[in-house]
Each structure stands twice: as structure tokens, then as C-alpha cells.
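The structure file final_36.txt is reproduced below (compact mmCIF, C-alpha atoms and all ligand atoms).
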```
# COMPACT_ATOMS: atom_id res chain seq x y z
CA MET E 1 -41.81 -53.75 39.18
CA LYS E 2 -38.76 -55.98 39.60
CA THR E 3 -35.30 -54.40 39.68
CA VAL E 4 -32.09 -55.78 38.22
CA LEU E 5 -28.62 -54.31 38.61
CA ILE E 6 -26.04 -55.36 36.02
CA THR E 7 -22.32 -54.58 36.04
CA GLY E 8 -20.43 -53.79 32.83
CA ALA E 9 -23.71 -53.39 30.94
CA ASN E 10 -22.68 -50.71 28.45
CA ARG E 11 -21.83 -53.32 25.77
CA GLY E 12 -21.59 -57.02 25.00
CA ILE E 13 -23.49 -59.65 26.96
CA GLY E 14 -24.28 -57.23 29.82
CA TYR E 15 -26.06 -54.81 27.50
CA GLU E 16 -28.03 -57.67 25.92
CA ILE E 17 -29.10 -58.96 29.35
CA ALA E 18 -30.28 -55.42 30.17
CA ARG E 19 -32.25 -55.28 26.91
CA GLN E 20 -33.90 -58.68 27.40
CA LEU E 21 -34.80 -58.15 31.08
CA GLY E 22 -35.94 -54.60 30.31
CA ASN E 23 -38.27 -56.00 27.66
CA GLN E 24 -39.69 -58.33 30.32
CA GLY E 25 -40.64 -55.31 32.43
CA PHE E 26 -37.69 -55.06 34.79
CA LEU E 27 -36.41 -51.70 35.95
CA VAL E 28 -32.80 -51.90 34.77
CA ILE E 29 -30.01 -50.32 36.79
CA LEU E 30 -27.33 -50.30 34.11
CA THR E 31 -23.86 -49.84 35.53
CA ALA E 32 -20.61 -49.14 33.69
CA ARG E 33 -17.20 -47.86 34.69
CA GLU E 34 -17.27 -44.95 32.22
CA LYS E 35 -20.06 -42.40 32.64
CA GLY E 36 -20.26 -41.47 28.94
CA LYS E 37 -20.51 -45.07 27.76
CA GLY E 38 -23.04 -45.96 30.44
CA GLU E 39 -25.28 -42.99 29.71
CA HIS E 40 -25.10 -43.72 25.99
CA ALA E 41 -26.25 -47.32 26.58
CA MET E 42 -28.99 -46.13 28.93
CA MET E 43 -30.32 -43.73 26.29
CA HIS E 44 -30.41 -46.55 23.73
CA LEU E 45 -32.42 -48.75 26.07
CA ARG E 46 -34.78 -45.91 26.92
CA GLY E 47 -35.27 -45.46 23.18
CA LEU E 48 -36.52 -49.07 23.13
CA GLY E 49 -39.09 -48.21 25.81
CA ILE E 50 -37.10 -49.76 28.66
CA ASP E 51 -37.14 -48.21 32.14
CA CYS E 52 -33.41 -47.79 32.68
CA ARG E 53 -31.21 -45.81 35.10
CA PHE E 54 -27.44 -45.45 34.91
CA VAL E 55 -25.13 -45.67 37.90
CA GLN E 56 -21.35 -45.57 37.55
CA ILE E 57 -19.43 -48.55 38.97
CA ASP E 58 -15.85 -49.64 38.45
CA VAL E 59 -16.06 -53.11 39.97
CA SER E 60 -12.31 -53.22 40.60
CA ASP E 61 -12.60 -50.28 43.00
CA ILE E 62 -14.55 -50.94 46.22
CA ARG E 63 -14.94 -47.18 46.83
CA SER E 64 -16.74 -46.91 43.51
CA ILE E 65 -19.05 -49.80 44.56
CA GLU E 66 -19.74 -48.12 47.92
CA ALA E 67 -20.51 -44.79 46.24
CA ALA E 68 -22.94 -46.56 43.88
CA TYR E 69 -24.64 -48.25 46.83
CA GLN E 70 -25.33 -44.82 48.34
CA VAL E 71 -27.02 -43.75 45.10
CA VAL E 72 -29.06 -46.94 44.54
CA SER E 73 -30.19 -47.37 48.15
CA LYS E 74 -31.73 -43.88 48.10
CA CYS E 75 -34.21 -44.90 45.41
CA ARG E 76 -34.63 -48.70 45.84
CA ASP E 77 -35.36 -50.80 48.95
CA SER E 78 -34.31 -54.03 47.31
CA LEU E 79 -32.74 -55.66 44.28
CA ASP E 80 -34.51 -58.68 42.81
CA VAL E 81 -31.50 -59.61 40.71
CA LEU E 82 -27.80 -58.69 40.87
CA ILE E 83 -25.79 -59.72 37.83
CA ASN E 84 -21.99 -59.65 38.10
CA ASN E 85 -21.21 -59.49 34.39
CA ALA E 86 -18.21 -57.11 34.10
CA GLY E 87 -15.08 -58.98 33.16
CA ILE E 88 -11.74 -58.72 31.37
CA MET E 89 -9.52 -61.19 29.54
CA PRO E 90 -6.25 -59.38 28.80
CA GLN E 91 -3.27 -61.16 27.25
CA THR E 92 -1.13 -61.65 30.32
CA GLY E 93 1.28 -64.36 29.14
CA GLY E 94 1.75 -67.89 30.43
CA ILE E 95 1.60 -69.01 34.04
CA LEU E 96 5.39 -68.74 34.39
CA GLU E 97 5.48 -65.17 33.05
CA VAL E 98 2.31 -63.44 34.25
CA ARG E 99 3.23 -60.34 36.28
CA PRO E 100 1.71 -59.47 39.67
CA LYS E 101 0.16 -56.22 38.38
CA ALA E 102 -1.65 -57.99 35.52
CA LEU E 103 -2.81 -60.79 37.82
CA ARG E 104 -4.12 -58.31 40.35
CA GLU E 105 -6.03 -56.38 37.69
CA VAL E 106 -7.73 -59.56 36.43
CA PHE E 107 -8.60 -60.82 39.92
CA ASP E 108 -9.75 -57.36 41.09
CA THR E 109 -12.21 -57.24 38.18
CA ASN E 110 -13.32 -60.84 37.67
CA THR E 111 -13.20 -62.24 41.23
CA PHE E 112 -13.01 -59.62 43.98
CA GLY E 113 -15.34 -57.21 42.11
CA PRO E 114 -18.30 -59.63 42.21
CA LEU E 115 -17.57 -60.46 45.87
CA HIS E 116 -17.39 -56.78 46.85
CA MET E 117 -20.62 -56.10 44.92
CA VAL E 118 -22.45 -58.66 47.05
CA GLN E 119 -20.84 -57.52 50.31
CA VAL E 120 -21.74 -53.88 49.69
CA PHE E 121 -25.22 -54.41 48.20
CA ARG E 122 -26.16 -57.08 50.79
CA PRO E 123 -28.67 -54.77 52.59
CA LEU E 124 -30.73 -54.60 49.36
CA LEU E 125 -30.79 -58.37 48.88
CA ASN E 126 -33.76 -60.14 50.46
CA GLU E 127 -35.50 -63.50 50.40
CA GLY E 128 -36.09 -64.38 46.75
CA SER E 129 -33.24 -62.22 45.42
CA ARG E 130 -30.97 -63.82 42.83
CA ILE E 131 -27.25 -63.28 42.33
CA ILE E 132 -25.75 -64.40 39.03
CA ASN E 133 -21.99 -64.46 38.53
CA ILE E 134 -20.98 -64.62 34.87
CA SER E 135 -18.13 -67.08 34.87
CA SER E 136 -16.72 -69.13 32.02
CA SER E 137 -16.01 -72.72 31.04
CA LEU E 138 -12.36 -71.59 31.19
CA GLY E 139 -12.91 -71.36 34.96
CA LYS E 140 -13.71 -75.07 35.31
CA PHE E 141 -11.13 -77.15 37.20
CA SER E 142 -10.81 -79.35 34.11
CA SER E 143 -9.78 -76.29 32.06
CA GLN E 144 -6.82 -75.46 34.31
CA SER E 145 -4.45 -78.06 32.77
CA SER E 146 -3.88 -75.70 29.87
CA ASP E 147 -1.63 -72.87 28.71
CA TYR E 148 -4.58 -70.82 27.53
CA SER E 149 -5.20 -67.54 29.34
CA PRO E 150 -4.10 -68.63 32.84
CA ALA E 151 -4.90 -65.37 34.65
CA TYR E 152 -8.44 -65.33 33.28
CA GLY E 153 -8.97 -69.05 33.94
CA MET E 154 -7.75 -68.80 37.53
CA SER E 155 -9.85 -65.69 38.19
CA LYS E 156 -13.02 -67.37 36.93
CA ASN E 157 -12.18 -70.55 38.86
CA ALA E 158 -11.85 -68.42 42.00
CA LEU E 159 -15.11 -66.64 41.09
CA ASN E 160 -16.80 -70.05 41.14
CA VAL E 161 -15.45 -70.57 44.66
CA VAL E 162 -16.86 -67.17 45.61
CA THR E 163 -20.22 -68.38 44.25
CA LEU E 164 -20.10 -71.51 46.42
CA ARG E 165 -19.13 -69.54 49.54
CA LEU E 166 -21.84 -66.93 48.99
CA ALA E 167 -24.49 -69.55 48.20
CA HIS E 168 -23.69 -71.26 51.48
CA ALA E 169 -23.68 -68.00 53.45
CA LEU E 170 -26.96 -66.77 51.95
CA LYS E 171 -28.93 -70.02 51.75
CA ASP E 172 -30.84 -69.46 54.99
CA SER E 173 -31.77 -65.98 53.78
CA GLY E 174 -33.43 -67.47 50.70
CA ILE E 175 -31.02 -65.77 48.29
CA ALA E 176 -29.89 -67.82 45.28
CA VAL E 177 -26.30 -67.49 44.06
CA ASN E 178 -25.10 -69.22 40.90
CA SER E 179 -22.24 -69.10 38.42
CA MET E 180 -23.01 -69.44 34.73
CA CYS E 181 -21.13 -69.79 31.46
CA PRO E 182 -22.66 -67.97 28.49
CA GLY E 183 -20.76 -70.07 25.91
CA TRP E 184 -18.40 -68.58 23.35
CA VAL E 185 -20.16 -65.38 22.38
CA LYS E 186 -19.54 -62.90 19.57
CA THR E 187 -18.56 -59.77 21.54
CA ASP E 188 -15.42 -57.64 21.80
CA MET E 189 -14.10 -60.27 24.24
CA GLY E 190 -15.32 -63.35 22.35
CA GLY E 191 -14.21 -62.06 18.94
CA ASP E 192 -15.65 -62.62 15.49
CA GLY E 193 -14.83 -66.34 15.48
CA ALA E 194 -17.37 -67.05 18.22
CA GLN E 195 -20.44 -68.99 17.11
CA ARG E 196 -22.94 -67.62 19.61
CA SER E 197 -24.93 -64.43 19.24
CA VAL E 198 -25.28 -62.11 22.24
CA GLU E 199 -28.98 -63.00 22.29
CA LYS E 200 -28.09 -66.67 22.87
CA GLY E 201 -25.30 -65.73 25.32
CA ALA E 202 -27.78 -63.81 27.47
CA GLU E 203 -30.51 -66.47 27.34
CA THR E 204 -29.45 -68.57 30.34
CA VAL E 205 -28.73 -65.48 32.45
CA VAL E 206 -32.25 -64.24 31.79
CA TRP E 207 -33.62 -67.67 32.73
CA LEU E 208 -31.63 -67.63 35.99
CA ALA E 209 -32.96 -64.13 36.68
CA THR E 210 -36.59 -65.07 36.12
CA GLU E 211 -37.78 -68.66 35.70
CA ALA E 212 -35.12 -70.80 37.41
CA PRO E 213 -36.28 -72.34 40.71
CA ILE E 214 -35.25 -70.10 43.63
CA ASN E 215 -33.86 -73.15 45.43
CA LEU E 216 -31.37 -73.62 42.59
CA THR E 217 -28.27 -72.23 44.30
CA GLY E 218 -24.54 -72.89 44.54
CA LYS E 219 -24.45 -74.31 41.01
CA PHE E 220 -22.53 -73.76 37.78
CA ILE E 221 -25.02 -73.46 34.91
CA ARG E 222 -24.67 -73.52 31.14
CA ASP E 223 -27.60 -73.68 28.72
CA LYS E 224 -30.02 -73.89 31.68
CA ARG E 225 -28.35 -77.06 32.97
CA GLU E 226 -25.94 -77.77 35.79
CA ILE E 227 -22.33 -78.42 34.75
CA GLU E 228 -19.30 -79.46 36.80
CA PHE E 229 -17.24 -76.73 38.46
N1 LIG A 1 -17.73 -63.44 25.12
C1 LIG A 1 -17.48 -64.68 25.51
O1 LIG A 1 -17.25 -65.58 24.66
C2 LIG A 1 -17.50 -65.05 26.97
C3 LIG A 1 -17.35 -66.41 27.30
C4 LIG A 1 -17.40 -66.79 28.64
C5 LIG A 1 -17.60 -65.82 29.61
N2 LIG A 1 -17.73 -64.49 29.26
C6 LIG A 1 -17.92 -63.52 30.35
O2 LIG A 1 -19.09 -62.76 30.09
C7 LIG A 1 -18.96 -61.45 30.68
C8 LIG A 1 -19.25 -60.39 29.62
O3 LIG A 1 -18.32 -60.58 28.55
P1 LIG A 1 -18.47 -59.88 27.13
O4 LIG A 1 -18.11 -60.91 26.12
O5 LIG A 1 -19.74 -59.13 27.03
O6 LIG A 1 -17.22 -58.87 27.23
P2 LIG A 1 -16.99 -57.42 26.59
O7 LIG A 1 -17.76 -57.28 25.34
O8 LIG A 1 -15.51 -57.26 26.56
O9 LIG A 1 -17.63 -56.46 27.71
C9 LIG A 1 -17.08 -56.42 28.99
C10 LIG A 1 -17.81 -55.40 29.81
O10 LIG A 1 -17.23 -55.39 31.12
C11 LIG A 1 -16.92 -54.04 31.42
N3 LIG A 1 -15.84 -53.93 32.40
C12 LIG A 1 -14.57 -54.37 32.31
N4 LIG A 1 -13.89 -54.04 33.42
C13 LIG A 1 -14.74 -53.36 34.22
C14 LIG A 1 -14.65 -52.76 35.50
N5 LIG A 1 -13.50 -52.74 36.19
N6 LIG A 1 -15.75 -52.17 36.02
C15 LIG A 1 -16.92 -52.16 35.35
N7 LIG A 1 -17.07 -52.68 34.12
C16 LIG A 1 -16.00 -53.29 33.57
C17 LIG A 1 -16.58 -53.40 30.09
O11 LIG A 1 -16.61 -51.98 30.20
P3 LIG A 1 -15.77 -51.00 29.20
O12 LIG A 1 -16.64 -50.81 27.98
O13 LIG A 1 -15.59 -49.76 30.00
O14 LIG A 1 -14.47 -51.69 28.88
C18 LIG A 1 -17.70 -53.99 29.24
O15 LIG A 1 -18.89 -53.30 29.47
C19 LIG A 1 -17.53 -61.39 31.22
O16 LIG A 1 -17.54 -61.66 32.62
C20 LIG A 1 -16.81 -62.50 30.49
O17 LIG A 1 -15.70 -63.01 31.21
C21 LIG A 1 -17.69 -64.10 27.96
```

Before we go any further, please render this structure as C-alpha cells.
Amino acid sequence: MKTVLITGANRGIGYEIARQLGNQGFLVILTAREKGKGEHAMMHLRGLGIDCRFVQIDVSDIRSIEAAYQVVSKCRDSLDVLINNAGIMPQTGGILEVRPKALREVFDTNTFGPLHMVQVFRPLLNEGSRIINISSSLGKFSSQSSDYSPAYGMSKNALNVVTLRLAHALKDSGIAVNSMCPGWVKTDMGGDGAQRSVEKGAETVVWLATEAPINLTGKFIRDKREIEF
């Protein structure tokens, strides 16, 4: 049975990825920063017949990631798929106003969290493992000449650089690392105006976790196709 670990999977796109991969027979390690919310989501998935365990992770806190590694490594030798999904998009003001504390919070969650997840869980990643970083079109270089959500855009742009660095570092180990954009998805973050359902938002992540060629690495993917960083 293949194992997937997903961060921030108690709601939104992360929960939907867990549901879809669980339905494909994966053992789902559902992680969330709040125990109650994570256990609630786990119980829902179990109710759908999905083999699901909950482990608490606040991705912005490396000690929380290290504690989770101790728990997961006791029951699993390897992870087939690691999905860095947890993310935040707070209103932080324009580039000339954004405060250091707000910037740090966004980068700790969206950029350093995924990097620390890979650093800490590296012993469970083997040839054929896949790492998927959920980025955003707002992280593209071409999106940076904008006033819209600068902290979020910069953090996702830097996440894409993390993807490239990790893909290079892990290529000889046969581990694929890609960034992806789910599109504008109807979730708490995406809001009601978004056109995409969570089912559609999760589709390309599920493809990257299962059917995508394992030699596809170091890319930015949207709708199962490579896009420019
Ligand atoms: N929705 C869109 O249109 C869209 C577009 C492009 C990219 N994305 C990306 O897709 C991913 C999922 O977004 P979404 O729309 O599903 O967002 P969402 O509905 O707001 O869900 C975000 C999830 O991340 C979790 N999270 C936040 N900070 C965390 C932390 N420090 N540690 C662990 N978990 C944390 C949240 O947990 P709590 O419940 O505890 O807050 C929640 O489970 C994000 O990376 C986002 O940037 C979304």
C-alpha cells in the first residue's frame, strides 16, 4: 500500500487531495496544525472507507515537524508521496508597508515550512518518491510586477526556488520534486468567486502523485502541463 503525507489537510484542497488519493488506495497520513480539526477530518475520511491516520504538524514550527517525524518513522519505512499543501494568504498590505512579523509568518508557512518538511522527512524518501509543493500562479516571476498580495506572491516565488534546489539535490536519488498551481479554487482561501471546484483543484496534484512520469522533476505544473516559473 502506498503512503502519502499531506500538510494542512483538514480542509480545502489538502482535504480533497486526501480524499481522492485515499479512494485510490493510498494510506493517507493527514496532518493539520490543530489536533481537533485534524482528527475530525480523519474521522470523515475513515467514514468514507479511507485508511487514514492523523499526525499533528504546524509547518511553521520545525520542532513540530521533527516531533511528527518521530511519530511517522515509527510506523512507516518510507513515504511514496509528500505533499506540501499548507499555506496562508493574509492581507499584509503593499510592498512598501508589509511588516517584518507578517512577512516572516507568510514565509515560515509557505516557503520554509515545505523546505523543513523535506529536510526532516528526507530519511523516509527513497527512489521513486514524489514531492509536490503547492505553489500558485501568483508566485510566477511574471506575477511580481503587481500590487496584489506581495507577501504571498514572494513566498510562493521563493517556494518555486526551493522546488528547483530540491529537485537538483534529489535528482540522483530518483526523487521527483515539482511545484504546481491548482488554479483559482473555491475554498476559504480562494473565496466564493473562484470558478474551480476543489475536485478540479486537486486533480493535477493527484496526477503528479500517481501517473506523472517519475523523471518529471524541477518543473512548475498547472493542469498537467509545464508552465513558466
Ligand atoms: N484556493 C486557491 O484559489 C489557491 C490558488 C493557488 C494556490 N493555492 C494554494 O493551495 C494550498 C491550499 O489552499 P486552500 O485554498 O485549500 O486553502 P485553505 O482552504 O485556506 O486551507 C489552508 C490549509 O492550510 C492549513 N495551514 C495554514 N497554516 C498552517 C500551518 N502553519 N501548519 C499547518 N497547516 C497550516 C490550514 O489549517 P487551519 O484550518 O488550521 O487554518 C488549512 O488546512 C495553499 O498552499 C494555497 O496557497 C490555493

Proximity of chain E to ligand LIG 1 (chain A): per-residue shortest pair, 7 Å limit, all atoms listed in the file, as JSON lines:
```
{"residue": "E:Thr7", "atom": "CA", "partner": "A:LIG1", "partner_atom": "N7", "distance": 5.9}
{"residue": "E:Gly8", "atom": "CA", "partner": "A:LIG1", "partner_atom": "O15", "distance": 3.7}
{"residue": "E:Ala9", "atom": "CA", "partner": "A:LIG1", "partner_atom": "O15", "distance": 5.0}
{"residue": "E:Asn10", "atom": "CA", "partner": "A:LIG1", "partner_atom": "O15", "distance": 4.7}
{"residue": "E:Arg11", "atom": "CA", "partner": "A:LIG1", "partner_atom": "O15", "distance": 4.7}
{"residue": "E:Gly12", "atom": "CA", "partner": "A:LIG1", "partner_atom": "O5", "distance": 3.5}
{"residue": "E:Ile13", "atom": "CA", "partner": "A:LIG1", "partner_atom": "O5", "distance": 3.8}
{"residue": "E:Gly14", "atom": "CA", "partner": "A:LIG1", "partner_atom": "O5", "distance": 5.7}
{"residue": "E:Ala32", "atom": "CA", "partner": "A:LIG1", "partner_atom": "N7", "distance": 5.0}
{"residue": "E:Arg33", "atom": "CA", "partner": "A:LIG1", "partner_atom": "C15", "distance": 4.4}
{"residue": "E:Glu34", "atom": "CA", "partner": "A:LIG1", "partner_atom": "O13", "distance": 5.6}
{"residue": "E:Lys37", "atom": "CA", "partner": "A:LIG1", "partner_atom": "O12", "distance": 6.9}
{"residue": "E:Ile57", "atom": "CA", "partner": "A:LIG1", "partner_atom": "C15", "distance": 5.7}
{"residue": "E:Asp58", "atom": "CA", "partner": "A:LIG1", "partner_atom": "N6", "distance": 3.5}
{"residue": "E:Val59", "atom": "CA", "partner": "A:LIG1", "partner_atom": "N6", "distance": 4.1}
{"residue": "E:Ser60", "atom": "CA", "partner": "A:LIG1", "partner_atom": "N5", "distance": 4.6}
{"residue": "E:Asn85", "atom": "CA", "partner": "A:LIG1", "partner_atom": "O16", "distance": 4.6}
{"residue": "E:Ala86", "atom": "CA", "partner": "A:LIG1", "partner_atom": "O10", "distance": 3.6}
{"residue": "E:Gly87", "atom": "CA", "partner": "A:LIG1", "partner_atom": "O16", "distance": 3.7}
{"residue": "E:Ile88", "atom": "CA", "partner": "A:LIG1", "partner_atom": "C12", "distance": 5.3}
{"residue": "E:Met89", "atom": "CA", "partner": "A:LIG1", "partner_atom": "O17", "distance": 6.7}
{"residue": "E:Thr109", "atom": "CA", "partner": "A:LIG1", "partner_atom": "N5", "distance": 5.1}
{"residue": "E:Asn110", "atom": "CA", "partner": "A:LIG1", "partner_atom": "O16", "distance": 6.6}
{"residue": "E:Ile134", "atom": "CA", "partner": "A:LIG1", "partner_atom": "O16", "distance": 5.1}
{"residue": "E:Ser135", "atom": "CA", "partner": "A:LIG1", "partner_atom": "C5", "distance": 5.4}
{"residue": "E:Ser136", "atom": "CA", "partner": "A:LIG1", "partner_atom": "C4", "distance": 4.2}
{"residue": "E:Ser137", "atom": "CA", "partner": "A:LIG1", "partner_atom": "C4", "distance": 6.5}
{"residue": "E:Cys181", "atom": "CA", "partner": "A:LIG1", "partner_atom": "C4", "distance": 5.6}
{"residue": "E:Pro182", "atom": "CA", "partner": "A:LIG1", "partner_atom": "C4", "distance": 5.4}
{"residue": "E:Gly183", "atom": "CA", "partner": "A:LIG1", "partner_atom": "C3", "distance": 5.2}
{"residue": "E:Trp184", "atom": "CA", "partner": "A:LIG1", "partner_atom": "O1", "distance": 3.5}
{"residue": "E:Val185", "atom": "CA", "partner": "A:LIG1", "partner_atom": "O1", "distance": 3.7}
{"residue": "E:Lys186", "atom": "CA", "partner": "A:LIG1", "partner_atom": "N1", "distance": 5.9}
{"residue": "E:Thr187", "atom": "CA", "partner": "A:LIG1", "partner_atom": "O7", "distance": 4.6}
{"residue": "E:Asp188", "atom": "CA", "partner": "A:LIG1", "partner_atom": "O7", "distance": 4.3}
{"residue": "E:Met189", "atom": "CA", "partner": "A:LIG1", "partner_atom": "O8", "distance": 4.1}
{"residue": "E:Gly190", "atom": "CA", "partner": "A:LIG1", "partner_atom": "N1", "distance": 3.7}
{"residue": "E:Ala194", "atom": "CA", "partner": "A:LIG1", "partner_atom": "O1", "distance": 6.6}
```

Shell around E:Lys224 at 10 Å using only C-alpha atoms, local window under 6 positions removed, as a list in words: Met180, Cys181, Pro182, Glu203, Thr204, Val205, Val206, Trp207, Leu208 and Ala212 of chain E

message: When you count all atoms listed in the file, which of these residues is closest to E:Met42: E:Leu125, E:Val120, E:Leu216, E:Leu27?
response: E:Leu27

- line: Judged by all atoms listed in the file, the minimum distance to E:Lys156 among E:Met117, E:Leu30, E:Ala176, E:Val106 is found for E:Val106

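We find atom CA of E:Ile83 and atom CA of E:Ile221 to be spaced 14.1 Å apart.
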
Selected stretch 115-144 of chain E, written as an mmCIF file, in the first residue's frame, N, CA and C atoms:
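Resulting contents of part.cif:
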```
data_model
loop_
_atom_site.group_PDB
_atom_site.id
_atom_site.type_symbol
_atom_site.label_atom_id
_atom_site.label_comp_id
_atom_site.auth_asym_id
_atom_site.auth_seq_id
_atom_site.Cartn_x
_atom_site.Cartn_y
_atom_site.Cartn_z
ATOM 1 N N LEU E 115 10.286 23.446 2.884
ATOM 2 C CA LEU E 115 11.707 23.064 2.883
ATOM 3 C C LEU E 115 12.043 22.230 4.124
ATOM 4 N N HIS E 116 11.570 22.681 5.289
ATOM 5 C CA HIS E 116 11.861 21.934 6.523
ATOM 6 C C HIS E 116 11.202 20.552 6.493
ATOM 7 N N MET E 117 10.011 20.462 5.896
ATOM 8 C CA MET E 117 9.355 19.148 5.776
ATOM 9 C C MET E 117 10.250 18.166 5.020
ATOM 10 N N VAL E 118 10.841 18.629 3.926
ATOM 11 C CA VAL E 118 11.684 17.735 3.128
ATOM 12 C C VAL E 118 12.979 17.421 3.875
ATOM 13 N N GLN E 119 13.571 18.427 4.507
ATOM 14 C CA GLN E 119 14.819 18.188 5.246
ATOM 15 C C GLN E 119 14.598 17.146 6.343
ATOM 16 N N VAL E 120 13.509 17.294 7.084
ATOM 17 C CA VAL E 120 13.278 16.413 8.239
ATOM 18 C C VAL E 120 12.825 15.023 7.796
ATOM 19 N N PHE E 121 11.948 14.964 6.777
ATOM 20 C CA PHE E 121 11.418 13.662 6.342
ATOM 21 C C PHE E 121 12.308 12.968 5.301
ATOM 22 N N ARG E 122 13.452 13.567 4.983
ATOM 23 C CA ARG E 122 14.358 13.007 3.964
ATOM 24 C C ARG E 122 14.649 11.513 4.166
ATOM 25 N N PRO E 123 14.878 11.033 5.419
ATOM 26 C CA PRO E 123 15.189 9.594 5.571
ATOM 27 C C PRO E 123 14.065 8.672 5.094
ATOM 28 N N LEU E 124 12.836 9.177 4.990
ATOM 29 C CA LEU E 124 11.718 8.333 4.526
ATOM 30 C C LEU E 124 11.468 8.464 3.025
ATOM 31 N N LEU E 125 12.275 9.290 2.362
ATOM 32 C CA LEU E 125 12.080 9.495 0.921
ATOM 33 C C LEU E 125 13.126 8.684 0.165
ATOM 34 N N ASN E 126 12.647 7.826 -0.740
ATOM 35 C CA ASN E 126 13.535 6.912 -1.454
ATOM 36 C C ASN E 126 13.332 7.051 -2.958
ATOM 37 N N GLU E 127 14.107 6.273 -3.714
ATOM 38 C CA GLU E 127 13.957 6.292 -5.168
ATOM 39 C C GLU E 127 12.478 6.067 -5.523
ATOM 40 N N GLY E 128 11.949 6.925 -6.367
ATOM 41 C CA GLY E 128 10.540 6.797 -6.764
ATOM 42 C C GLY E 128 9.592 7.637 -5.921
ATOM 43 N N SER E 129 10.086 8.226 -4.832
ATOM 44 C CA SER E 129 9.225 9.110 -4.025
ATOM 45 C C SER E 129 8.962 10.402 -4.796
ATOM 46 N N ARG E 130 7.834 11.015 -4.479
ATOM 47 C CA ARG E 130 7.443 12.256 -5.176
ATOM 48 C C ARG E 130 7.143 13.332 -4.143
ATOM 49 N N ILE E 131 7.704 14.511 -4.378
ATOM 50 C CA ILE E 131 7.425 15.667 -3.518
ATOM 51 C C ILE E 131 6.673 16.681 -4.367
ATOM 52 N N ILE E 132 5.539 17.140 -3.840
ATOM 53 C CA ILE E 132 4.730 18.114 -4.588
ATOM 54 C C ILE E 132 4.539 19.349 -3.711
ATOM 55 N N ASN E 133 5.011 20.471 -4.196
ATOM 56 C CA ASN E 133 4.843 21.736 -3.483
ATOM 57 C C ASN E 133 3.700 22.506 -4.124
ATOM 58 N N ILE E 134 2.658 22.773 -3.324
ATOM 59 C CA ILE E 134 1.521 23.523 -3.880
ATOM 60 C C ILE E 134 1.885 25.000 -3.864
ATOM 61 N N SER E 135 2.137 25.498 -5.060
ATOM 62 C CA SER E 135 2.508 26.897 -5.219
ATOM 63 C C SER E 135 1.296 27.655 -5.752
ATOM 64 N N SER E 136 1.532 28.634 -6.588
ATOM 65 C CA SER E 136 0.438 29.445 -7.115
ATOM 66 C C SER E 136 0.942 30.203 -8.323
ATOM 67 N N SER E 137 0.036 30.513 -9.240
ATOM 68 C CA SER E 137 0.408 31.376 -10.375
ATOM 69 C C SER E 137 0.880 32.741 -9.863
ATOM 70 N N LEU E 138 0.420 33.119 -8.652
ATOM 71 C CA LEU E 138 0.868 34.398 -8.081
ATOM 72 C C LEU E 138 2.349 34.342 -7.692
ATOM 73 N N GLY E 139 2.935 33.149 -7.731
ATOM 74 C CA GLY E 139 4.362 33.000 -7.449
ATOM 75 C C GLY E 139 5.225 33.095 -8.695
ATOM 76 N N LYS E 140 4.597 33.169 -9.865
ATOM 77 C CA LYS E 140 5.391 33.273 -11.104
ATOM 78 C C LYS E 140 6.166 34.596 -11.108
ATOM 79 N N PHE E 141 7.317 34.610 -11.766
ATOM 80 C CA PHE E 141 8.077 35.867 -11.878
ATOM 81 C C PHE E 141 7.227 36.934 -12.558
ATOM 82 N N SER E 142 6.455 36.514 -13.569
ATOM 83 C CA SER E 142 5.643 37.490 -14.317
ATOM 84 C C SER E 142 4.508 38.072 -13.474
ATOM 85 N N SER E 143 4.211 37.463 -12.318
ATOM 86 C CA SER E 143 3.153 38.000 -11.452
ATOM 87 C C SER E 143 3.699 38.998 -10.433
ATOM 88 N N GLN E 144 5.022 39.175 -10.413
ATOM 89 C CA GLN E 144 5.591 40.013 -9.344
ATOM 90 C C GLN E 144 5.500 41.514 -9.635
#
```
